[in-house]
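For reference, the structure is listed below as structure tokens.
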Amino acid sequence: MTRKKAPTAKPMTDKATRAKAAADTFPVVETAFSDASDLKELQHKILVAHRFMENIVNTIRYPLLVLDSDLNLALANRSFLQLFDTAESNVIGKSLFALADGQWDIPELRRLLGRILPEEMPIEAFSLSIDVAGKGKRDMVLNARKLADEDAETGLILVALEDVTEQKKARQSLLDREARLEAALNAVPEAIVTIDSRGIVTSYSPPSARILGYTQSEVVGRNVNMLMPDPHRDQHDDYISAYLSTGNAKIIGYGRELEARHKSGVLVPIHLKVKEVMIGGESQFLGVIRDMTGERESRKQLEHAQKMEVVGQLTGGIAHDFNNLLTVVIGNIELLEMRPDDPSREDILDEALEAANLGAALVSKLLMFSRKQPLAPKRLDLKHVIGELQPLLVRALGAQIEITADLDDNLDLVMADPGQIENAVLNFSINGRDAMPKGGVLTIRAYNATNDVEHPIEDKAELAPGDYVVLSVSDTGSGMSPEVLKQAFEPFFTTKEAGRGTGLGLSMVFGQARQSGGDLTLHSEPGKGTVVKLYLPAIAARDTVAPRPSPALHTAIGHAKGETILLVEDNLRVRNLTRNRLDRLGYPVVEAADGPEALAQLEKRDDIKLMLSDVVMPGGVDGFELADKASVLYPELRIILATAFAVGTGNATWPILRKPYSIDMLSSALRKLLDDPA
């Protein structure tokens with residue numbers, strides 16, 4: 001083949017000629033340079049965009065995959081590779097179902113993935129568990145959807161994974177804890193109620209329904225004052241507001257016995273303890289409620305048993321003293337019979353009357369301690385109460401025990417049951433006596449004390465801030481060991497020999513003190529004696545307590561205004577005495593020995609203005625029943641009852657004259673009824 005000879009170059013004469021020659025010679029080369037530059041620029045942009053996308057994908061903390069139409073891996077981000085501890089070269093191009101030893105090959109997942117491209121059906125929250133090398137079984141949630149690309153000939157699928165293993169563990173732990181808490185709340189007998197700072201109930205435990213009658217749906221979301229009786233119902237929100245603004249707590253942090261309102265409207269005795277907690281930065285108040293119905297009944301029974309123990313301890317001394325008093329009464333009456341004109345007649349009568357009054361006081365104490373019904377609390381001056389109790393203590397403790405009293409002159413008043421206070425002092429004193437078998441000193445103190453931030457009472461007493469009266473009884477006895485001291489407040493715990501104690505004394509007084517908002521503390525060391533302190537909340541300013549009048553011979557006479565009295569008394573001696581007193585006062589008297597005879601007298605006569613009847617009588621009709629029948633038959637009849645038992649027995653409708661009574665007391669009671677226009 002003959003080579004074609006290249007044309008001979010002509011000389012370039014001007015610029016245009018040279019340009020044309022270049023164009024004719026390298027037309028293809030010039031065009032190729034221009035296309036290559038654009039392609040490189042495009043390739044660079046694609047590379048930058050790809051790297052930008054990879055950086056975004058690899059930054060996402062969730063494992064991501066891109067699958068092609070054959071469900072092979074086209075892309076796996078860094079989170080996926082780290083989770084499964086593998087390299088990109090080990091997974092790209094491989095089938096999803098071949099990974100992790102085929103653990104992904106789940107029929108349901110195959111079916112769902114197969115619907116994504118043709119039907120554009122995304123997968124939402126598909127759960128699966130994969131055994132990851134070195135990490136054990138991991139719980140996964142898978143979401144998948146089609147990647148939109150209209151120009152692509154084949155579709156791609158984006159798969160996002162979330163490892164929820166720790167979340168499931170935490171959720172299960174929370175569920176388990178809630179289940180345990182619910183089981184505990186159901187098991188304990190106490191009700192647990194929480195409220196927010198507005199007084200709205202936020203939770204209500206199942207036992208609450210048993211105690212309060214309301215179901216959870218009836219209470220949650222409503223104001224807690226629906227569970228309270230008046231006046232606390234209307235004042236509760238003010239209590240919360242005052243606490244949140246001042247920090248002064250009346251019940252928060254302290255246990256109190258009070259009453260709740262049952263759904264039926266009945267008041268339920270409860271013990272309530274409230275604790276403030278912070279939830280979500282807001283104050284919430286958690287109340288633990290214990291039903292005190294059964295406990296109060298048991299407490300009454302224990303209290304009665306304890307009172308009977310005290311009565312038993314006092315019986316010997318009182319019997320001795322009472323016999324001495326009867327000896328004085330009988331002896332002085334004999335002297336009057338023997339010497340009717342003796343010039344010291346009035347002195348002899350005064351001695352007899354004083355001895356009889358002291359005997360009545362002793363019997364009154366026994367009745368107070370032995371009676372079953374609870375006593376009503378009242379405003380008390382402890383100095384006055386202890387002063388009246390001292391003679392009884394002297395008899396109960398014996399001559400070998402020296403009793404001293406140190407009572408503040410300006411002692412505040414307390415609101416308490418006088419029987420409970422006297423019972424407490426007697427218990428403390430008898431315990432002190434038993435700790436001093438060879439004799440010693442028993443000291444009773446009463447003084448005012450204040451518990452506040454600046455002057456706290458450092459006595460291990462659980463007391464709210466405020467003013468208190470402290471009643472202290474100390475002895476110089478053998479004291480207690482630390483082991484005995486720890487158990488001293490436990491019911492039925494006693495160190496005394498069988499038959500000498502029930503072990504209820506301190507526990508009873510402790511419960512009564514806490515119930516009234518006070519406390520009881522006990523300090524003792526072997527060989528150094530024991531000090532018992534009873535703290536009672538003080539009330540208002542002191543009132544003057546009038547002393548009882550001293551016994552005297554009264555000569556009340558002429559108080560009658562012609563009214564006829566029906567005297568009903570089965571005891572002949574008492575009936576004769578009362579008839580003579582009524583005669584002395586100027587009242588005409590009609591007598592009856594029992595209820596049926598009294599009704600017969602009322603039916604026969606129309607001049608009877610008042611009936612004075614004993615309470616306990618034979619014949620099947622007691623004084624209360626007689627009064628009820630007579631008042632129906634004779635509405636204008638005035639009625640008063642006399643009894644030697646504790647005041648408060650039976651029906652409280654009728655006025656009671658307590659035996660033994662003086663002639664002045666009888667005259668005053670009769671005139672009060674007869675002069676009343678009602």
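Letters A, B, ... mark the chains of the structure tokens in the order given; residue numbers begin at 1 per chain; ligand numbers begin at 1, in order shown.
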message: Just want the 12 Å neighbourhood of A:Lys94, counted on only C-alpha atoms, with same-chain residues fewer than 2 positions away dropped. Output as a PyMOL selection string.
response: chain A and resi 65-68+70-76+88-92+96-100+102
Convert the current residue selection to file output with C-alpha atoms, as a PDB file, in the first residue's frame.
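Result file part_13.pdb:
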ATOM      1  CA  LEU A  65     -28.908  -0.150  54.436  1.00  0.00           C
ATOM      2  CA  VAL A  66     -29.734   0.404  50.775  1.00  0.00           C
ATOM      3  CA  LEU A  67     -31.002  -2.659  48.927  1.00  0.00           C
ATOM      4  CA  ASP A  68     -31.310  -3.086  45.197  1.00  0.00           C
ATOM      5  CA  ASP A  70     -32.831  -8.152  44.202  1.00  0.00           C
ATOM      6  CA  LEU A  71     -32.581  -7.285  47.932  1.00  0.00           C
ATOM      7  CA  ASN A  72     -28.791  -7.257  47.763  1.00  0.00           C
ATOM      8  CA  LEU A  73     -26.855  -4.657  49.783  1.00  0.00           C
ATOM      9  CA  ALA A  74     -25.880  -1.652  47.693  1.00  0.00           C
ATOM     10  CA  LEU A  75     -24.826   0.430  50.694  1.00  0.00           C
ATOM     11  CA  ALA A  76     -24.271  -0.027  54.426  1.00  0.00           C
ATOM     12  CA  GLU A  88     -18.077  -2.973  53.804  1.00  0.00           C
ATOM     13  CA  SER A  89     -16.384  -5.474  51.488  1.00  0.00           C
ATOM     14  CA  ASN A  90     -18.001  -8.341  53.441  1.00  0.00           C
ATOM     15  CA  VAL A  91     -21.566  -7.209  52.867  1.00  0.00           C
ATOM     16  CA  ILE A  92     -21.870  -5.051  49.730  1.00  0.00           C
ATOM     17  CA  LEU A  96     -29.703  -9.340  52.991  1.00  0.00           C
ATOM     18  CA  PHE A  97     -30.921 -12.819  53.865  1.00  0.00           C
ATOM     19  CA  ALA A  98     -27.405 -14.258  53.688  1.00  0.00           C
ATOM     20  CA  LEU A  99     -26.119 -11.965  56.423  1.00  0.00           C
ATOM     21  CA  ALA A 100     -25.560 -13.092  60.021  1.00  0.00           C
ATOM     22  CA  GLY A 102     -29.235 -16.341  57.609  1.00  0.00           C
TER      23      GLY A 102
END
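Taking only C-alpha atoms, the non-local environment of A:Ala209 within 10 Å (same-chain residues fewer than 5 positions away omitted) comprises Ala191, Tyr204, Tyr214, Thr215, Gln216, Glu218, Val219, His262 and Lys263 of chain A.
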- request: Identify, on the basis of only C-alpha atoms, every residue whose closest approach to A:Asn186 does not exceed 7 Å; exclude the query and any residue fewer than 4 positions from it along the same chain; express the result as a ChimeraX atom specification.
  value: /A:182,206-207
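Distances here use only C-alpha atoms; by that measure, the residue among A:Ser127, A:Gln390, A:Thr450, A:Thr194 closest to A:Leu426 is A:Gln390.
Shortest separation to A:Gln284 among A:Val531, A:Ile386, A:Thr202, A:Pro63 occurs at residue A:Thr202, atoms counted being only C-alpha atoms.
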task: Mind listing the alpha helix (DSSP H) residues of stretch 207-296 of chain A, per DSSP on the backbone, as a ChimeraX atom specification?
output: /A:207-212,216-219,232-246,293-296
- request: Using only C-alpha atoms, determine which residues lie at most 8 Å from A:Pro418, disregarding the query and same-chain residues fewer than 4 positions distant; provide the list as a PyMOL selection string.
  value: chain A and resi 375+377-378+380+385+422
Could you save the residues just selected, with N, CA, C and O atoms, as a PDB file, in the first residue's frame?
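The resulting file, selection-v2.pdb, is reproduced below:
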ATOM      1  N   LEU A 375     -63.672   8.653 128.454  1.00  0.00           N
ATOM      2  CA  LEU A 375     -63.954   9.971 129.021  1.00  0.00           C
ATOM      3  C   LEU A 375     -63.746  11.045 127.969  1.00  0.00           C
ATOM      4  O   LEU A 375     -62.912  10.915 127.078  1.00  0.00           O
ATOM      5  N   PRO A 377     -62.393  14.573 126.569  1.00  0.00           N
ATOM      6  CA  PRO A 377     -61.329  15.520 126.908  1.00  0.00           C
ATOM      7  C   PRO A 377     -61.908  16.882 127.284  1.00  0.00           C
ATOM      8  O   PRO A 377     -62.955  17.285 126.782  1.00  0.00           O
ATOM      9  N   LYS A 378     -61.216  17.586 128.167  1.00  0.00           N
ATOM     10  CA  LYS A 378     -61.655  18.894 128.618  1.00  0.00           C
ATOM     11  C   LYS A 378     -60.434  19.741 128.946  1.00  0.00           C
ATOM     12  O   LYS A 378     -59.319  19.240 129.018  1.00  0.00           O
ATOM     13  N   LEU A 380     -57.865  21.283 131.089  1.00  0.00           N
ATOM     14  CA  LEU A 380     -57.364  20.838 132.386  1.00  0.00           C
ATOM     15  C   LEU A 380     -56.205  21.694 132.859  1.00  0.00           C
ATOM     16  O   LEU A 380     -55.346  22.113 132.064  1.00  0.00           O
ATOM     17  N   VAL A 385     -55.143  18.876 138.868  1.00  0.00           N
ATOM     18  CA  VAL A 385     -55.378  17.430 138.770  1.00  0.00           C
ATOM     19  C   VAL A 385     -54.410  16.665 139.667  1.00  0.00           C
ATOM     20  O   VAL A 385     -54.803  15.767 140.420  1.00  0.00           O
ATOM     21  N   GLU A 422     -54.829  11.022 135.069  1.00  0.00           N
ATOM     22  CA  GLU A 422     -54.679  10.412 136.388  1.00  0.00           C
ATOM     23  C   GLU A 422     -54.208   8.965 136.261  1.00  0.00           C
ATOM     24  O   GLU A 422     -53.377   8.496 137.046  1.00  0.00           O
TER      25      GLU A 422
END
query: stretch 135-216 of chain A: which residues are strand (DSSP E) by DSSP, as a PyMOL selection string?
result: chain A and resi 136-147+156-163+191-196+201-204
